[in-house]
$ cat final_21.tsv   # TSV, C-alpha atoms
chain	number	residue	atom	x	y	z
A	187	MET	CA	0.00	0.00	0.00
A	188	ASP	CA	1.26	3.47	-0.87
A	189	ILE	CA	2.42	5.71	1.96
A	190	LEU	CA	0.39	8.65	0.67
A	191	ASP	CA	-2.68	6.45	0.51
A	192	LEU	CA	-2.15	5.43	4.15
A	193	PHE	CA	-1.61	9.04	5.11
A	194	TYR	CA	-4.90	10.21	3.63
A	195	LYS	CA	-6.80	7.25	5.05
A	196	GLY	CA	-5.47	8.03	8.51
A	197	GLY	CA	-7.72	11.05	8.77
A	198	PRO	CA	-7.14	14.64	9.91
A	199	ALA	CA	-4.96	13.59	12.86
A	200	MET	CA	-2.19	12.61	10.44
A	201	TRP	CA	-1.35	16.26	9.74
A	202	PRO	CA	-0.35	17.20	13.31
A	203	LEU	CA	1.43	13.85	13.55
A	204	LEU	CA	3.39	14.80	10.44
A	205	VAL	CA	4.41	18.10	12.04
A	206	LEU	CA	5.49	16.34	15.24
A	207	SER	CA	7.50	13.78	13.30
A	208	ILE	CA	9.34	16.52	11.37
A	209	LEU	CA	10.17	18.38	14.59
A	210	SER	CA	11.34	15.19	16.24
A	211	LEU	CA	13.54	14.19	13.31
A	212	SER	CA	15.11	17.65	13.12
A	213	VAL	CA	16.06	17.50	16.80
A	214	ILE	CA	17.36	13.94	16.46
A	215	PHE	CA	19.62	14.69	13.49
A	216	GLU	CA	20.92	17.92	15.05
A	217	ARG	CA	21.74	16.20	18.34
A	218	LEU	CA	23.38	13.25	16.59
A	219	TRP	CA	25.71	15.62	14.72
A	220	PHE	CA	26.38	17.52	17.94
A	221	TRP	CA	27.33	14.40	19.91
A	222	LEU	CA	29.38	12.97	17.05
A	223	ARG	CA	31.63	16.04	17.01
A	224	ILE	CA	32.03	15.84	20.79
A	225	PHE	CA	33.00	12.17	20.89
A	226	VAL	CA	35.57	12.56	18.11
A	227	GLN	CA	37.59	15.38	19.76
A	228	GLU	CA	36.77	15.31	23.46
A	229	LYS	CA	39.30	12.77	24.73
A	230	GLN	CA	42.14	14.34	22.75
A	231	ILE	CA	41.39	17.83	24.10
A	232	VAL	CA	41.28	16.68	27.73
A	233	ASN	CA	44.56	14.75	27.42
A	234	ARG	CA	46.37	17.66	25.76
A	235	VAL	CA	45.23	20.23	28.33
A	236	VAL	CA	45.98	18.03	31.34
A	237	ASP	CA	49.42	17.04	30.02
A	238	ALA	CA	50.29	20.67	29.30
A	239	ALA	CA	49.12	21.80	32.74
A	240	GLN	CA	51.69	19.55	34.38
A	241	ASP	CA	54.49	21.64	32.87
A	242	ASN	CA	53.14	25.05	31.92
A	243	TRP	CA	49.78	26.58	32.76
A	244	GLU	CA	50.05	29.19	30.01
A	245	VAL	CA	50.42	26.51	27.35
A	246	ALA	CA	47.45	24.64	28.83
A	247	GLY	CA	45.36	27.81	28.67
A	248	ASP	CA	46.29	28.35	25.01
A	249	ILE	CA	45.31	24.79	24.13
A	250	ALA	CA	41.98	25.10	25.95
A	251	ARG	CA	41.31	28.46	24.30
A	252	GLN	CA	41.89	26.98	20.84
A	253	ALA	CA	39.41	24.20	21.68
A	254	SER	CA	36.74	26.61	22.96
A	255	ASN	CA	34.40	25.53	20.15
A	256	GLN	CA	33.87	22.31	22.13
A	257	PRO	CA	32.06	22.09	25.48
A	258	VAL	CA	34.96	20.42	27.24
A	259	GLY	CA	37.33	23.06	25.85
A	260	ARG	CA	35.21	25.88	27.28
A	261	PHE	CA	34.94	23.96	30.54
A	262	LEU	CA	38.72	23.66	30.93
A	263	TYR	CA	39.41	27.19	29.72
A	264	ALA	CA	37.05	28.85	32.22
A	265	PRO	CA	39.44	28.78	35.24
A	266	LEU	CA	42.56	29.26	33.10
A	267	ARG	CA	41.44	32.57	31.64
A	268	LEU	CA	41.27	34.20	35.07
A	269	ALA	CA	44.05	36.72	35.68
A	270	LYS	CA	44.52	35.55	39.26
A	271	SER	CA	42.67	32.94	41.30
A	272	ASP	CA	42.99	30.68	44.28
A	273	ALA	CA	41.96	27.04	44.61
A	274	GLU	CA	38.39	27.90	45.62
A	275	THR	CA	37.91	30.30	42.70
A	276	PHE	CA	39.41	27.70	40.36
A	277	ARG	CA	36.87	25.10	41.49
A	278	LEU	CA	33.92	27.51	41.33
A	279	ALA	CA	34.81	28.48	37.76
A	280	LEU	CA	34.82	24.81	36.77
A	281	GLU	CA	31.48	24.11	38.45
A	282	ALA	CA	29.71	27.14	36.99
A	283	THR	CA	30.91	26.40	33.46
A	284	ALA	CA	29.99	22.72	33.80
A	285	GLU	CA	26.41	23.62	34.69
A	286	ASP	CA	26.09	25.90	31.66
A	287	GLU	CA	27.58	23.36	29.27
A	288	LEU	CA	25.45	20.48	30.55
A	289	ALA	CA	22.34	22.63	30.22
A	290	GLY	CA	23.27	23.30	26.58
A	291	MET	CA	23.71	19.59	25.98
A	292	ARG	CA	20.10	19.01	27.03
A	293	ARG	CA	18.79	21.30	24.31
A	294	GLY	CA	15.90	19.72	22.43
A	295	GLU	CA	14.88	17.35	25.21
A	296	LYS	CA	11.74	19.33	26.02
A	297	LEU	CA	10.59	19.08	22.42
A	298	LEU	CA	11.16	15.33	22.38
A	299	GLU	CA	9.23	15.02	25.63
A	300	ALA	CA	6.31	16.91	24.06
A	301	VAL	CA	6.35	14.64	21.01
A	302	ILE	CA	6.44	11.52	23.18
A	303	ALA	CA	3.40	12.72	25.11
A	304	LEU	CA	1.33	14.17	22.26
A	305	ALA	CA	1.87	11.66	19.43
A	306	PRO	CA	-0.04	8.72	21.02
A	307	LEU	CA	-2.86	11.01	22.09
A	308	LEU	CA	-3.23	12.47	18.61
A	309	GLY	CA	-3.21	8.97	17.15
A	310	LEU	CA	-5.92	7.90	19.55
A	311	LEU	CA	-7.94	11.00	18.69
A	312	GLY	CA	-7.71	10.15	15.00
A	313	THR	CA	-8.92	6.63	15.72
A	314	VAL	CA	-11.90	7.89	17.73
A	315	LEU	CA	-12.86	10.33	14.98
A	316	GLY	CA	-12.57	7.55	12.40
A	317	LEU	CA	-14.76	5.24	14.49
A	318	ILE	CA	-17.37	7.93	14.87
A	319	GLN	CA	-17.38	8.47	11.12
A	320	SER	CA	-17.61	4.73	10.41
A	321	LEU	CA	-20.34	3.96	12.95
A	322	ARG	CA	-22.47	6.98	12.19
A	323	SER	CA	-24.30	5.34	9.28
A	324	ILE	CA	-24.90	1.98	10.96
A	325	ARG	CA	-28.41	1.04	11.91
A	326	ILE	CA	-29.34	-1.79	14.23
A	327	GLY	CA	-31.37	-3.52	11.53
A	328	ASP	CA	-28.37	-3.58	9.18
A	329	LEU	CA	-26.18	-5.62	11.51
A	330	GLY	CA	-25.05	-8.86	9.88
A	331	THR	CA	-25.93	-7.71	6.37
A	332	GLU	CA	-23.75	-6.66	3.46
A	333	SER	CA	-24.41	-3.00	4.17
A	334	THR	CA	-22.08	-3.16	7.16
A	335	ALA	CA	-19.20	-4.66	5.20
A	336	GLY	CA	-17.55	-1.28	4.73
A	337	VAL	CA	-17.67	-0.57	8.45
A	338	THR	CA	-14.90	-3.08	9.15
A	339	THR	CA	-12.72	-1.45	6.52
A	340	GLY	CA	-13.41	1.96	8.02
A	341	ILE	CA	-12.46	0.79	11.49
A	342	GLY	CA	-9.20	-0.67	10.17
A	343	GLU	CA	-8.35	2.58	8.41
A	344	SER	CA	-9.10	4.60	11.55
A	345	LEU	CA	-6.44	2.61	13.42
A	346	ILE	CA	-3.75	3.93	11.08
A	347	SER	CA	-3.46	7.17	13.04
A	348	THR	CA	-2.98	5.27	16.31
A	349	ALA	CA	-0.22	3.16	14.80
A	350	THR	CA	1.44	6.27	13.37
A	351	GLY	CA	1.32	8.09	16.69
A	352	LEU	CA	2.85	5.12	18.48
A	353	ILE	CA	5.64	4.83	15.91
A	354	VAL	CA	6.53	8.53	16.24
A	355	ALA	CA	6.46	8.34	20.04
A	356	ILE	CA	8.58	5.18	20.20
A	357	ILE	CA	11.28	6.53	17.90
A	358	SER	CA	11.39	9.81	19.83
A	359	LEU	CA	11.59	7.95	23.14
A	360	VAL	CA	14.51	5.80	21.97
A	361	PHE	CA	16.62	8.79	20.98
A	362	TYR	CA	15.51	10.76	24.04
A	363	ARG	CA	16.90	8.05	26.32
A	364	LEU	CA	20.03	7.79	24.19
A	365	PHE	CA	20.75	11.51	24.48
A	366	GLN	CA	20.13	11.39	28.22
A	367	SER	CA	22.74	8.64	28.55
A	368	PHE	CA	25.19	10.83	26.63
A	369	VAL	CA	24.61	13.69	29.08
A	370	VAL	CA	25.19	11.37	32.05
A	371	ASN	CA	28.46	10.25	30.46
A	372	GLN	CA	29.49	13.88	29.99
A	373	VAL	CA	28.93	14.52	33.69
A	374	LYS	CA	31.48	11.80	34.44
A	375	VAL	CA	33.95	13.21	31.90
A	376	PHE	CA	33.65	16.75	33.26
A	377	ARG	CA	34.00	15.55	36.84
A	378	LYS	CA	37.11	13.51	36.09
A	379	ALA	CA	38.79	16.26	34.04
A	380	GLY	CA	37.87	18.91	36.62
A	381	ASN	CA	39.27	16.87	39.48
A	382	GLU	CA	42.55	16.32	37.62
A	383	MET	CA	42.89	20.03	36.84
A	384	GLU	CA	42.10	21.06	40.40
A	385	LEU	CA	44.59	18.54	41.77
A	386	LEU	CA	47.31	19.87	39.48
A	387	TYR	CA	46.44	23.42	40.50
A	388	ARG	CA	46.75	22.61	44.21
A	389	GLN	CA	50.08	20.85	43.66
A	390	SER	CA	51.68	23.51	41.46
A	391	PRO	CA	49.59	26.67	41.12
A	392	PRO	CA	50.61	29.16	38.41
A	393	ASN	CA	52.91	31.98	39.42
A	394	PHE	CA	51.25	35.37	39.11
A	395	SER	CA	53.93	37.30	40.99
A	396	ASN	CA	55.81	38.61	37.96
A	397	SER	CA	52.80	39.88	36.06
A	398	THR	CA	51.09	41.19	39.17
A	399	SER	CA	54.09	43.13	40.45
A	400	ALA	CA	54.56	44.85	37.10
A	401	ILE	CA	50.92	45.92	37.06
A	402	VAL	CA	51.09	47.19	40.63
A	403	ARG	CA	54.23	49.24	39.96
A	404	GLU	CA	52.70	50.69	36.85
A	405	ASN	CA	49.50	51.70	38.60
A	406	ILE	CA	50.93	52.98	41.90
A	407	ILE	CA	54.29	54.51	41.01
A	408	PRO	CA	53.88	57.18	38.34
A	409	SER	CA	56.39	57.17	35.54
A	410	ARG	CA	58.83	60.08	35.31
A	411	LYS	CA	60.22	61.46	32.11
A	412	PRO	CA	64.01	61.55	31.86
A	413	GLY	CA	65.60	64.93	32.29
A	414	LYS	CA	66.70	67.39	34.89
A	415	THR	CA	64.43	68.16	37.76
A	416	ARG	CA	63.27	71.71	37.64
A	417	VAL	CA	63.43	73.50	41.00
A	418	SER	CA	61.24	76.49	41.46
A	419	GLU	CA	63.10	79.73	42.17
A	420	PRO	CA	62.36	81.61	45.41
A	421	PRO	CA	60.12	84.63	45.01
A	422	GLU	CA	61.77	88.05	44.76
A	423	PRO	CA	61.54	90.22	47.86
A	424	PRO	CA	59.12	93.12	47.61
A	425	ASN	CA	60.55	96.58	46.90
A	426	THR	CA	60.77	98.69	50.04
A	427	PRO	CA	60.98	102.49	49.98
A	428	ASN	CA	64.29	104.04	50.95

$ encode --input "final_21.tsv" --output "structure tokens"
Amino acid sequence: MDILDLFYKGGPAMWPLLVLSILSLSVIFERLWFWLRIFVQEKQIVNRVVDAAQDNWEVAGDIARQASNQPVGRFLYAPLRLAKSDAETFRLALEATAEDELAGMRRGEKLLEAVIALAPLLGLLGTVLGLIQSLRSIRIGDLGTESTAGVTTGIGESLISTATGLIVAIISLVFYRLFQSFVVNQVKVFRKAGNEMELLYRQSPPNFSNSTSAIVRENIIPSRKPGKTRVSEPPEPPNTPN
């Protein structure tokens, strides 16, 4: 049977189901591309930043800054871009950035939740409307006769919308759970990378003394131009009459 034929036989509920299926597929494909890019580069970025932080924090910051197009890169670069910080500030920067990045990873979940809830209900509504249409012309005296032969066909066609709604909801639910498992895995990755960075920071924090002292001297001690110091001459005594 042709797909278009099934679509038209499904009744008016097939149109909102079509819209929901398009929205669900758009979110699914966008999230699959998003997670594919993360899984390809994430482990390499974390290893490079952590290895560089063991020797030079400035090099680690440059590597994290170059990888700021990835969530884990922005996560690791957040505490390294601070001009001066202590261990507590370092940890707070990691935690705040992790919350923002994980919230961005959950983008599209609300739409999938709506599709999962609405698709079966719309399918059931289409079935009910189809049954009403099929049973409207039946009379009690026609039961068991050839005049009711088309009623069975009408009932079967009205179930198409229910099957379609269930298919859309099931596919959306599968990918919804898959994306949730990816987010849970990212929580573990962020926690492990953050703990390693904080441990390295506590063992060998970066030295801000050189840069800070230069800034302090520049701000507090005004610069003097080279040259002789000009001493003001004493005022002339007032003229007194002889």

$ atom_distance --input "final_21.tsv" --atom1 "CA of Ile341 in chain A" --atom2 "CA of Gly316 in chain A"
6.8 Å

$ atom_distance --input "final_21.tsv" --atom1 "CA of Gln256 in chain A" --atom2 "CA of Ser207 in chain A"
29.1 Å

$ atom_distance --input "final_21.tsv" --atom1 "CA of Leu311 in chain A" --atom2 "CA of Val354 in chain A"
14.9 Å

$ closest_residue --input "final_21.tsv" --among "A:Ser212, A:Lys195, A:Leu206, A:Leu266" --to "Ala239 in chain A" --atoms "all atoms listed in the file"
A:Leu266

$ residues_around --input "final_21.tsv" --residues "Phe261 in chain A" --least-positions-apart "5" --cutoff "7 Å" --atoms "only C-alpha atoms" --output "list in words"
Leu280, Thr283 and Ala284 of chain A

$ closest_residue --input "final_21.tsv" --among "A:Leu218, A:Gly197, A:Leu190, A:Leu359" --to "Leu297 in chain A" --atoms "only C-alpha atoms"
A:Leu359

$ build_atoms --input "final_21.tsv" --residues "range 223-238 of chain A" --atoms "N, CA and C atoms" --output "PDB file, in the frame of the given file"
ATOM      1  N   ARG A 223      30.482  15.140  16.948  1.00  0.00           N
ATOM      2  CA  ARG A 223      31.630  16.040  17.010  1.00  0.00           C
ATOM      3  C   ARG A 223      32.280  16.024  18.393  1.00  0.00           C
ATOM      4  N   ILE A 224      31.478  15.872  19.426  1.00  0.00           N
ATOM      5  CA  ILE A 224      32.030  15.840  20.790  1.00  0.00           C
ATOM      6  C   ILE A 224      32.851  14.572  21.003  1.00  0.00           C
ATOM      7  N   PHE A 225      32.317  13.429  20.628  1.00  0.00           N
ATOM      8  CA  PHE A 225      33.000  12.170  20.890  1.00  0.00           C
ATOM      9  C   PHE A 225      34.288  12.033  20.088  1.00  0.00           C
ATOM     10  N   VAL A 226      34.370  12.687  18.939  1.00  0.00           N
ATOM     11  CA  VAL A 226      35.570  12.560  18.110  1.00  0.00           C
ATOM     12  C   VAL A 226      36.741  13.327  18.718  1.00  0.00           C
ATOM     13  N   GLN A 227      36.504  14.500  19.319  1.00  0.00           N
ATOM     14  CA  GLN A 227      37.590  15.380  19.760  1.00  0.00           C
ATOM     15  C   GLN A 227      37.733  15.495  21.269  1.00  0.00           C
ATOM     16  N   GLU A 228      36.773  15.029  22.024  1.00  0.00           N
ATOM     17  CA  GLU A 228      36.770  15.310  23.460  1.00  0.00           C
ATOM     18  C   GLU A 228      37.965  14.706  24.194  1.00  0.00           C
ATOM     19  N   LYS A 229      38.230  13.442  23.992  1.00  0.00           N
ATOM     20  CA  LYS A 229      39.300  12.770  24.730  1.00  0.00           C
ATOM     21  C   LYS A 229      40.652  13.384  24.403  1.00  0.00           C
ATOM     22  N   GLN A 230      40.874  13.737  23.146  1.00  0.00           N
ATOM     23  CA  GLN A 230      42.140  14.340  22.750  1.00  0.00           C
ATOM     24  C   GLN A 230      42.341  15.703  23.408  1.00  0.00           C
ATOM     25  N   ILE A 231      41.278  16.496  23.484  1.00  0.00           N
ATOM     26  CA  ILE A 231      41.390  17.830  24.100  1.00  0.00           C
ATOM     27  C   ILE A 231      41.730  17.711  25.580  1.00  0.00           C
ATOM     28  N   VAL A 232      41.045  16.837  26.286  1.00  0.00           N
ATOM     29  CA  VAL A 232      41.280  16.680  27.730  1.00  0.00           C
ATOM     30  C   VAL A 232      42.725  16.220  27.979  1.00  0.00           C
ATOM     31  N   ASN A 233      43.199  15.250  27.213  1.00  0.00           N
ATOM     32  CA  ASN A 233      44.560  14.750  27.420  1.00  0.00           C
ATOM     33  C   ASN A 233      45.602  15.830  27.147  1.00  0.00           C
ATOM     34  N   ARG A 234      45.392  16.620  26.099  1.00  0.00           N
ATOM     35  CA  ARG A 234      46.370  17.660  25.760  1.00  0.00           C
ATOM     36  C   ARG A 234      46.415  18.746  26.839  1.00  0.00           C
ATOM     37  N   VAL A 235      45.256  19.164  27.325  1.00  0.00           N
ATOM     38  CA  VAL A 235      45.230  20.230  28.330  1.00  0.00           C
ATOM     39  C   VAL A 235      45.823  19.742  29.649  1.00  0.00           C
ATOM     40  N   VAL A 236      45.467  18.553  30.073  1.00  0.00           N
ATOM     41  CA  VAL A 236      45.980  18.030  31.340  1.00  0.00           C
ATOM     42  C   VAL A 236      47.490  17.796  31.269  1.00  0.00           C
ATOM     43  N   ASP A 237      47.968  17.259  30.161  1.00  0.00           N
ATOM     44  CA  ASP A 237      49.420  17.040  30.020  1.00  0.00           C
ATOM     45  C   ASP A 237      50.175  18.362  30.007  1.00  0.00           C
ATOM     46  N   ALA A 238      49.624  19.372  29.329  1.00  0.00           N
ATOM     47  CA  ALA A 238      50.290  20.670  29.300  1.00  0.00           C
ATOM     48  C   ALA A 238      50.272  21.359  30.649  1.00  0.00           C
TER      49      ALA A 238
END
